[in-house]
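Quick look at entry-v6.cif (mmCIF, C-alpha atoms):
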```cif
data_my_file
#
loop_
_atom_site.label_atom_id
_atom_site.label_comp_id
_atom_site.auth_asym_id
_atom_site.auth_seq_id
_atom_site.Cartn_x
_atom_site.Cartn_y
_atom_site.Cartn_z
CA MET A 1 97.60 29.59 44.18
CA CYS A 2 96.55 33.13 45.07
CA THR A 3 97.53 36.78 45.38
CA ALA A 4 96.31 39.26 48.04
CA ILE A 5 96.89 42.99 48.28
CA SER A 6 96.17 45.90 50.61
CA PHE A 7 95.67 49.21 48.79
CA LYS A 8 94.83 52.72 49.96
CA THR A 9 93.46 55.77 48.18
CA LYS A 10 91.05 57.91 50.24
CA ASP A 11 89.68 54.66 51.66
CA HIS A 12 91.40 51.37 52.43
CA TYR A 13 90.81 48.42 50.08
CA PHE A 14 91.71 44.78 50.59
CA GLY A 15 91.21 41.76 48.39
CA ARG A 16 92.62 38.76 46.63
CA THR A 17 92.49 36.32 43.77
CA LEU A 18 91.64 32.69 44.35
CA ASP A 19 93.54 30.62 41.79
CA TRP A 20 92.58 26.96 41.84
CA GLU A 21 91.38 24.19 39.55
CA CYS A 22 87.77 24.30 40.75
CA SER A 23 85.21 26.14 42.82
CA TYR A 24 83.91 24.78 46.13
CA GLY A 25 80.61 26.62 46.03
CA GLU A 26 81.91 29.69 47.85
CA GLY A 27 79.80 32.81 48.24
CA VAL A 28 79.88 36.19 49.91
CA THR A 29 78.97 35.66 53.54
CA ILE A 30 78.05 38.15 56.26
CA THR A 31 78.46 36.93 59.82
CA PRO A 32 76.44 39.24 62.10
CA ARG A 33 77.53 40.24 65.58
CA ASN A 34 75.42 37.69 67.46
CA TYR A 35 76.18 34.59 65.41
CA PRO A 36 77.82 32.20 67.94
CA PHE A 37 81.28 31.14 66.78
CA SER A 38 82.18 27.79 68.32
CA PHE A 39 85.93 27.17 68.57
CA ARG A 40 87.32 23.69 69.06
CA THR A 41 89.47 24.38 72.15
CA VAL A 42 88.67 27.89 73.42
CA GLY A 43 84.88 27.76 73.73
CA GLU A 44 82.32 30.03 72.10
CA MET A 45 82.33 33.66 71.06
CA HIS A 46 78.71 34.73 71.41
CA THR A 47 79.18 38.35 70.39
CA HIS A 48 81.85 39.81 68.14
CA TYR A 49 82.48 42.24 65.32
CA ALA A 50 80.45 41.60 62.20
CA LEU A 51 82.32 40.13 59.20
CA ILE A 52 81.88 40.13 55.44
CA GLY A 53 83.94 38.02 53.06
CA MET A 54 84.16 35.01 50.79
CA ALA A 55 83.44 31.67 52.42
CA VAL A 56 82.28 28.12 51.96
CA THR A 57 79.55 27.35 54.49
CA SER A 58 79.45 23.85 55.95
CA GLU A 59 77.37 22.74 58.92
CA ASN A 60 76.26 26.38 59.24
CA TYR A 61 79.87 27.46 59.81
CA PRO A 62 81.57 30.01 57.51
CA LEU A 63 84.96 28.78 56.30
CA TYR A 64 86.35 32.13 55.22
CA TYR A 65 88.92 32.50 52.45
CA ASP A 66 89.12 36.23 53.19
CA ALA A 67 87.09 38.67 55.25
CA THR A 68 86.85 42.21 56.62
CA ASN A 69 85.24 43.17 59.90
CA GLU A 70 83.08 46.19 60.64
CA LYS A 71 86.07 48.03 62.14
CA GLY A 72 88.05 47.79 58.90
CA LEU A 73 90.49 45.00 59.76
CA SER A 74 90.97 42.56 56.88
CA MET A 75 92.50 39.13 56.52
CA ALA A 76 93.08 36.45 53.88
CA GLY A 77 94.50 32.94 53.92
CA LEU A 78 96.63 31.83 50.97
CA ASN A 79 98.03 28.44 50.01
CA PHE A 80 101.42 27.75 51.63
CA PRO A 81 102.36 24.23 50.51
CA ASP A 82 105.41 22.40 51.90
CA ASN A 83 105.90 25.12 54.52
CA ALA A 84 102.86 25.34 56.79
CA TYR A 85 103.07 23.33 60.01
CA TYR A 86 100.35 22.92 62.62
CA GLY A 87 101.36 21.39 65.93
CA GLU A 88 99.73 19.78 68.92
CA LYS A 89 97.83 21.63 71.63
CA LYS A 90 99.89 23.53 74.19
CA GLN A 91 99.13 24.65 77.73
CA GLY A 92 98.72 28.32 78.62
CA VAL A 93 97.99 29.58 75.10
CA ASP A 94 95.02 29.90 72.75
CA ASN A 95 95.01 26.81 70.54
CA ILE A 96 93.35 27.84 67.28
CA ALA A 97 92.72 25.62 64.26
CA PRO A 98 93.55 27.10 60.83
CA PHE A 99 89.90 27.24 59.74
CA GLU A 100 89.09 29.26 62.90
CA PHE A 101 91.91 31.75 62.52
CA ILE A 102 90.09 34.40 60.48
CA PRO A 103 86.98 34.61 62.75
CA TRP A 104 89.19 34.37 65.86
CA ILE A 105 91.17 37.47 64.84
CA LEU A 106 88.50 39.50 63.06
CA GLY A 107 85.86 38.74 65.66
CA GLN A 108 87.72 40.61 68.39
CA CYS A 109 90.43 42.82 66.81
CA ALA A 110 89.89 46.29 65.37
CA THR A 111 93.49 46.89 64.29
CA VAL A 112 96.66 45.03 63.36
CA ALA A 113 98.19 46.23 66.64
CA VAL A 114 95.50 44.43 68.65
CA ALA A 115 95.88 41.33 66.46
CA ARG A 116 99.61 41.26 67.27
CA GLN A 117 98.75 41.03 70.96
CA LEU A 118 96.51 37.99 70.39
CA LEU A 119 99.15 36.34 68.22
CA GLU A 120 101.68 36.48 71.04
CA HIS A 121 99.56 33.95 72.96
CA MET A 122 98.31 31.76 70.12
CA ASN A 123 99.26 28.31 68.85
CA MET A 124 98.11 27.02 65.46
CA VAL A 125 96.87 23.51 66.13
CA ASN A 126 96.39 20.59 63.70
CA ILE A 127 92.62 20.21 63.93
CA ALA A 128 90.69 19.84 60.68
CA PHE A 129 87.15 21.11 60.23
CA SER A 130 85.88 17.76 58.93
CA GLU A 131 86.75 14.84 56.66
CA GLN A 132 85.22 16.80 53.79
CA PHE A 133 87.37 19.84 54.62
CA PRO A 134 90.78 18.60 55.84
CA LEU A 135 93.65 20.84 56.92
CA SER A 136 94.92 23.25 54.26
CA PRO A 137 98.51 24.54 54.31
CA LEU A 138 98.04 28.29 54.63
CA HIS A 139 99.68 31.53 55.60
CA TRP A 140 97.85 34.82 56.12
CA ILE A 141 97.99 38.55 55.50
CA ILE A 142 96.30 40.84 58.06
CA SER A 143 95.81 44.51 57.16
CA ASP A 144 94.25 47.74 58.37
CA ARG A 145 94.59 51.12 56.70
CA GLU A 146 97.92 51.78 58.44
CA GLU A 147 99.87 48.52 58.21
CA SER A 148 99.99 44.88 57.14
CA ILE A 149 101.57 41.78 58.64
CA THR A 150 102.14 38.26 57.37
CA VAL A 151 101.56 35.30 59.70
CA GLU A 152 103.15 31.90 59.06
CA SER A 153 102.87 28.81 61.23
CA VAL A 154 106.00 26.74 60.54
CA LYS A 155 107.96 24.06 62.40
CA GLU A 156 109.94 26.73 64.24
CA GLY A 157 106.72 28.26 65.57
CA LEU A 158 104.42 31.15 64.71
CA LYS A 159 106.24 33.77 62.64
CA ILE A 160 104.94 37.33 62.33
CA TYR A 161 106.47 39.59 59.69
CA ASP A 162 105.91 43.27 59.02
CA ASN A 163 104.62 43.53 55.46
CA PRO A 164 105.22 47.08 54.21
CA ILE A 165 104.54 45.95 50.64
CA GLY A 166 100.95 44.93 51.40
CA VAL A 167 101.19 41.91 49.07
CA LEU A 168 101.14 38.16 49.66
CA THR A 169 101.24 35.19 47.29
CA ASN A 170 102.20 31.58 48.13
CA SER A 171 105.30 29.54 48.91
CA PRO A 172 108.18 30.04 49.55
CA ASP A 173 108.11 31.83 52.89
CA PHE A 174 107.66 35.58 53.18
CA ASN A 175 111.34 36.23 53.97
CA MET A 176 112.41 34.59 50.71
CA GLN A 177 109.74 36.41 48.74
CA THR A 178 110.86 39.81 49.97
CA PHE A 179 114.57 39.01 49.59
CA ASN A 180 113.91 38.05 45.97
CA LEU A 181 112.82 41.65 45.28
CA ASN A 182 116.50 42.62 45.47
CA ASN A 183 116.92 40.94 42.10
CA TYR A 184 114.51 43.44 40.55
CA MET A 185 115.61 46.74 42.08
CA ARG A 186 116.41 48.16 38.63
CA LEU A 187 112.82 47.85 37.43
CA SER A 188 111.39 51.30 36.77
CA THR A 189 108.32 53.04 35.45
CA LYS A 190 110.67 55.37 33.52
CA ASN A 191 112.75 54.78 30.42
CA PRO A 192 116.10 53.11 31.18
CA GLN A 193 119.55 54.65 30.76
CA ASN A 194 122.25 53.01 28.71
CA ASP A 195 124.45 51.32 31.33
CA PHE A 196 125.37 48.49 28.96
CA SER A 197 128.41 50.21 27.44
CA LYS A 198 129.57 53.77 26.82
CA ASP A 199 130.90 52.57 23.46
CA LEU A 200 127.46 51.62 22.13
CA LYS A 201 124.77 54.08 21.14
CA LEU A 202 121.79 52.08 22.36
CA GLN A 203 118.35 53.64 22.01
CA ILE A 204 114.88 53.57 23.48
CA TYR A 205 112.52 52.03 20.90
CA SER A 206 109.36 51.51 23.01
CA ARG A 207 107.53 52.76 26.04
CA GLY A 208 107.70 50.53 29.11
CA MET A 209 111.31 49.44 28.64
CA GLY A 210 112.06 50.34 32.26
CA GLY A 211 110.05 47.26 33.21
CA MET A 212 112.05 44.86 31.05
CA GLY A 213 113.10 41.86 33.12
CA MET A 214 109.91 41.82 35.18
CA PRO A 215 108.75 38.20 35.44
CA GLY A 216 105.59 37.32 33.57
CA ASP A 217 105.12 33.68 34.49
CA LEU A 218 102.47 32.42 36.93
CA SER A 219 104.71 31.04 39.68
CA SER A 220 104.14 32.44 43.16
CA MET A 221 107.54 34.21 43.34
CA SER A 222 106.99 35.85 39.96
CA ARG A 223 103.46 36.92 40.89
CA PHE A 224 104.82 38.42 44.11
CA VAL A 225 107.25 40.57 42.11
CA LYS A 226 104.67 41.56 39.49
CA ALA A 227 101.92 42.36 42.00
CA SER A 228 104.33 44.29 44.24
CA PHE A 229 105.66 46.42 41.37
CA THR A 230 102.17 47.06 40.00
CA LYS A 231 100.63 47.89 43.38
CA LEU A 232 103.48 50.10 44.64
CA ASN A 233 103.57 52.13 41.42
CA SER A 234 99.82 52.25 40.90
CA VAL A 235 98.16 55.65 40.53
CA SER A 236 94.44 56.03 41.21
CA GLY A 237 91.84 58.67 41.82
CA ASP A 238 90.08 58.77 45.18
CA THR A 239 86.51 58.09 44.13
CA GLU A 240 84.96 54.72 44.87
CA GLN A 241 84.60 53.90 41.18
CA GLU A 242 88.20 54.81 40.38
CA SER A 243 89.61 53.02 43.43
CA VAL A 244 87.69 49.78 42.91
CA SER A 245 88.47 49.77 39.20
CA GLN A 246 92.17 50.31 39.85
CA PHE A 247 92.21 47.59 42.49
CA PHE A 248 90.90 45.03 40.03
CA HIS A 249 93.39 46.25 37.42
CA ILE A 250 96.22 45.61 39.91
CA LEU A 251 94.95 42.10 40.58
CA GLY A 252 94.51 41.66 36.83
CA SER A 253 98.28 41.80 36.40
CA VAL A 254 98.45 38.28 37.88
CA PHE A 255 95.18 36.72 36.66
CA GLN A 256 95.47 33.09 35.55
CA GLN A 257 93.69 31.92 32.41
CA LYS A 258 92.40 28.40 31.89
CA GLY A 259 94.89 26.31 29.98
CA CYS A 260 98.09 28.05 31.08
CA VAL A 261 98.68 25.91 34.21
CA VAL A 262 97.88 22.20 33.90
CA CYS A 263 97.16 20.32 37.15
CA ASP A 264 96.89 16.63 37.95
CA GLY A 265 94.03 14.89 36.22
CA GLY A 266 94.10 17.26 33.27
CA LYS A 267 92.42 20.12 35.14
CA TYR A 268 93.54 23.73 34.80
CA GLU A 269 94.35 26.25 37.51
CA TYR A 270 92.59 29.56 36.89
CA THR A 271 91.42 32.66 38.74
CA VAL A 272 88.14 31.38 40.18
CA PHE A 273 87.23 34.77 41.66
CA SER A 274 88.79 38.09 42.60
CA SER A 275 87.63 40.30 45.44
CA CYS A 276 88.01 43.88 46.58
CA CYS A 277 86.54 45.09 49.87
CA ASN A 278 86.26 48.74 50.85
CA ALA A 279 87.35 48.00 54.40
CA ASP A 280 86.28 51.43 55.65
CA LYS A 281 82.72 51.12 54.36
CA GLY A 282 82.21 47.34 54.49
CA ILE A 283 81.37 47.00 50.79
CA TYR A 284 82.56 43.73 49.24
CA TYR A 285 83.09 43.66 45.46
CA TYR A 286 83.85 40.60 43.38
CA ILE A 287 84.23 39.26 39.87
CA THR A 288 84.43 35.63 38.77
CA TYR A 289 86.23 33.91 35.94
CA GLU A 290 82.97 33.60 34.01
CA ASN A 291 81.57 37.03 34.94
CA ASN A 292 83.85 40.07 34.88
CA GLN A 293 81.08 42.53 35.76
CA ILE A 294 81.75 43.87 39.27
CA THR A 295 79.11 42.90 41.85
CA ALA A 296 78.85 44.71 45.21
CA ILE A 297 77.41 43.68 48.59
CA ASP A 298 77.20 46.23 51.42
CA MET A 299 77.30 44.69 54.90
CA HIS A 300 75.74 47.81 56.43
CA LYS A 301 72.57 47.37 54.39
CA GLU A 302 71.88 44.24 56.46
CA ASN A 303 70.91 43.90 60.12
CA LEU A 304 74.28 43.22 61.75
CA ASP A 305 72.66 42.38 65.10
CA GLU A 306 71.13 39.17 63.74
CA LYS A 307 72.21 35.67 64.78
CA GLU A 308 72.05 33.86 61.42
CA LEU A 309 74.56 33.90 58.58
CA MET A 310 73.64 35.90 55.48
CA LEU A 311 74.64 34.12 52.26
CA PHE A 312 74.96 35.65 48.79
CA PRO A 313 75.63 33.11 46.00
CA LEU A 314 78.09 34.34 43.38
CA ILE A 315 76.69 35.56 40.08
CA ARG A 316 78.79 33.47 37.73
CA LYS A 317 77.02 33.90 34.38
CA GLN A 318 78.59 36.60 32.24
CA GLN A 319 76.71 39.92 32.44
CA ILE A 320 76.91 41.95 29.21
CA LYS A 321 75.49 45.47 28.84
CA ARG A 322 74.33 45.99 25.27
CA GLN A 323 74.46 49.54 23.95
CA ASN A 324 72.40 48.99 20.82
#
```
Kindly transcribe the structure held in the file into structure tokens.
Amino acid sequence: MCTAISFKTKDHYFGRTLDWECSYGEGVTITPRNYPFSFRTVGEMHTHYALIGMAVTSENYPLYYDATNEKGLSMAGLNFPDNAYYGEKKQGVDNIAPFEFIPWILGQCATVAVARQLLEHMNMVNIAFSEQFPLSPLHWIISDREESITVESVKEGLKIYDNPIGVLTNSPDFNMQTFNLNNYMRLSTKNPQNDFSKDLKLQIYSRGMGGMGMPGDLSSMSRFVKASFTKLNSVSGDTEQESVSQFFHILGSVFQQKGCVVCDGGKYEYTVFSSCCNADKGIYYYITYENNQITAIDMHKENLDEKELMLFPLIRKQQIKRQN
């Protein structure tokens, strides 16, 4: 399971957690402008916007979990079990497989508004990348510095939702996630008032009591509430250091620790990695479960007119700075 957020100080930042029971060998991947994307039904895209993000590379093809293009448009796919539906090919539309969706949008769209136009003529089709990488049930968040949308391919068709919260987790669908926020409208960053009874002299005995009732479990609906409250009430300075640090603190509110969620086979779901991309500058930051030192990769320090993928393996061993 996962959590993604869009966050703005002076610059726009976008990132996510990947919560799963294992790693698939993912790494930060830059796709330069002249790398030829080959799509299963709509041909090739020989030139496109450059991308940076987290991906597994198979057969020299980047299977992006999340990415940002050089124009500042960002996108992430999150697990959407029991809800995602991919249909058969249709005539007169762009039939795009789920694993192609991120490069299809980010390769040619500079803003969410342009992405909306492509989505009007797109069908999500049930084509897997390979036997090794079968179809994954996903939904997506697409963000620029002005707005975010959520895209869900379900049996009723392709649904596009405005996402003013700038947060996405997993199932259930986005409508249910946002409706559930009504149950928490009394959460506050301030001390609560005594509305229990005028006959009782109840008192404040601790800071943070305005947040009592906020869910703290690791389910997707609870993480949506917690991440939304934390992000929407977050206060940060405008410097790069302050903004990136605050971004990871927001994601930290929903980190999963090994042992707290037991999966089939005795494995544990945990936060494999967390990312934060300065979408305006093309700098991709990440931490891993084993290494909480922030690592940065700047796409603009590479030649973006190349034709070959640029791969940066994750630094997973803990990095400790010793002061004495």
I need the output of the PyMOL selection byres ((chain A and resi 32) around 6) for this file as a PDB file with C-alpha atoms, in the coordinates of the input; which residues are they?
```
ATOM      1  CA  THR A  31      78.460  36.930  59.820  1.00  0.00           C
ATOM      2  CA  ARG A  33      77.530  40.240  65.580  1.00  0.00           C
ATOM      3  CA  ASN A  34      75.420  37.690  67.460  1.00  0.00           C
ATOM      4  CA  TYR A  35      76.180  34.590  65.410  1.00  0.00           C
ATOM      5  CA  ALA A  50      80.450  41.600  62.200  1.00  0.00           C
ATOM      6  CA  LEU A 304      74.280  43.220  61.750  1.00  0.00           C
ATOM      7  CA  ASP A 305      72.660  42.380  65.100  1.00  0.00           C
ATOM      8  CA  GLU A 306      71.130  39.170  63.740  1.00  0.00           C
TER       9      GLU A 306
END
```
task: Take the point (95.9, 48.4, 64.5) as written in the file and pick out every residue within 8 Å of it, counting all atoms listed in the file; give the list as a list in words.
output: Leu73, Ala110, Thr111, Val112, Ala113, Val114, Ala115, Asp144, Glu146 and Glu147 of chain A
Ranking A:Thr57, A:Asn303, A:Gln91, A:Ser245 by minimum distance to A:Tyr286 and counting all atoms listed in the file, which one comes first?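 Closest candidate: A:Ser245.
Within the file as shown, the PyMOL selection byres ((chain A and resi 141) around 8) identifies Ala4, Met75, Ala76, Gly77, His139, Trp140, Ile142, Ser143, Ser148, Ile149, Thr150, Val151, Val167 and Leu168 of chain A.
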Reference answer for the PyMOL selection byres ((chain A and resi 202-207) around 9), as a compact mmCIF listing (two decimals) with C-alpha atoms, in the coordinates of the input:
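Result file follows (part_20.txt):
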```
# COMPACT_ATOMS: atom_id res chain seq x y z
CA LYS A 190 110.67 55.37 33.52
CA ASN A 191 112.75 54.78 30.42
CA PRO A 192 116.10 53.11 31.18
CA GLN A 193 119.55 54.65 30.76
CA ASN A 194 122.25 53.01 28.71
CA PHE A 196 125.37 48.49 28.96
CA SER A 197 128.41 50.21 27.44
CA LEU A 200 127.46 51.62 22.13
CA LYS A 201 124.77 54.08 21.14
CA GLY A 208 107.70 50.53 29.11
CA MET A 209 111.31 49.44 28.64
CA GLY A 210 112.06 50.34 32.26
```
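In terms of minimum interatomic distance to A:Asn278, A:Arg145 ranks closest within A:Arg322, A:Lys231, A:Arg145, A:His121, counting all atoms listed in the file.
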Within 10 Å of (105.3, 43.7, 43.3) (file coordinates; only C-alpha atoms), which protein or nucleic acid residues are there? I'd like them as a list in words. Ile5, Ile165, Gly166, Val167, Leu168, Thr178, Leu181, Tyr184, Met214, Met221, Ser222, Arg223, Phe224, Val225, Lys226, Ala227, Ser228, Phe229, Thr230, Lys231, Leu232, Asn233 and Ile250 of chain A
Worksheet entry | Minimum-distance residue to A:His300, chosen among A:Leu18, A:Ile283, A:Val125, A:Leu78 (using all atoms listed in the file) |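 Closest residue, counting all atoms listed in the file: A:Ile283.
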What does the structure give for the distance between atom CA of A:Tyr268 and atom CA of A:Ala128, in Å to one decimal?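 Value for the atom CA of A:Tyr268-atom CA of A:Ala128 distance: 26.3 Å.
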*So how far away is atom CA of A:Gln293 from atom CA of A:Ile320, in Å?*
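Here the two named atoms are 7.8 Å from each other.
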*Point out the residue among A:Glu269, A:Glu302, A:Asp173, A:Asp280 with the least atom-to-atom distance to A:Asp19, counting only C-alpha atoms.*
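Looking only at the distances to A:Asp19, the closest residue turns out to be A:Glu269.
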Coordinates-based distance that separates atom CA of A:Glu100 from atom CA of A:Thr295 (Å, one decimal):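 These two atoms are separated by 27.0 Å.
Excluding A:Thr169 and any residue on its chain fewer than 4 positions from it, the residues at most 6 Å away by only C-alpha atoms are Cys2, Thr3, Ser220 and Phe224 of chain A.
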Please, could you write that set of residues out with C-alpha atoms as a PDB file, in the coordinates of the input?
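Everything below was put into again00.pdb:
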```pdb
ATOM      1  CA  CYS A   2      96.550  33.130  45.070  1.00  0.00           C
ATOM      2  CA  THR A   3      97.530  36.780  45.380  1.00  0.00           C
ATOM      3  CA  SER A 220     104.140  32.440  43.160  1.00  0.00           C
ATOM      4  CA  PHE A 224     104.820  38.420  44.110  1.00  0.00           C
TER       5      PHE A 224
END
```
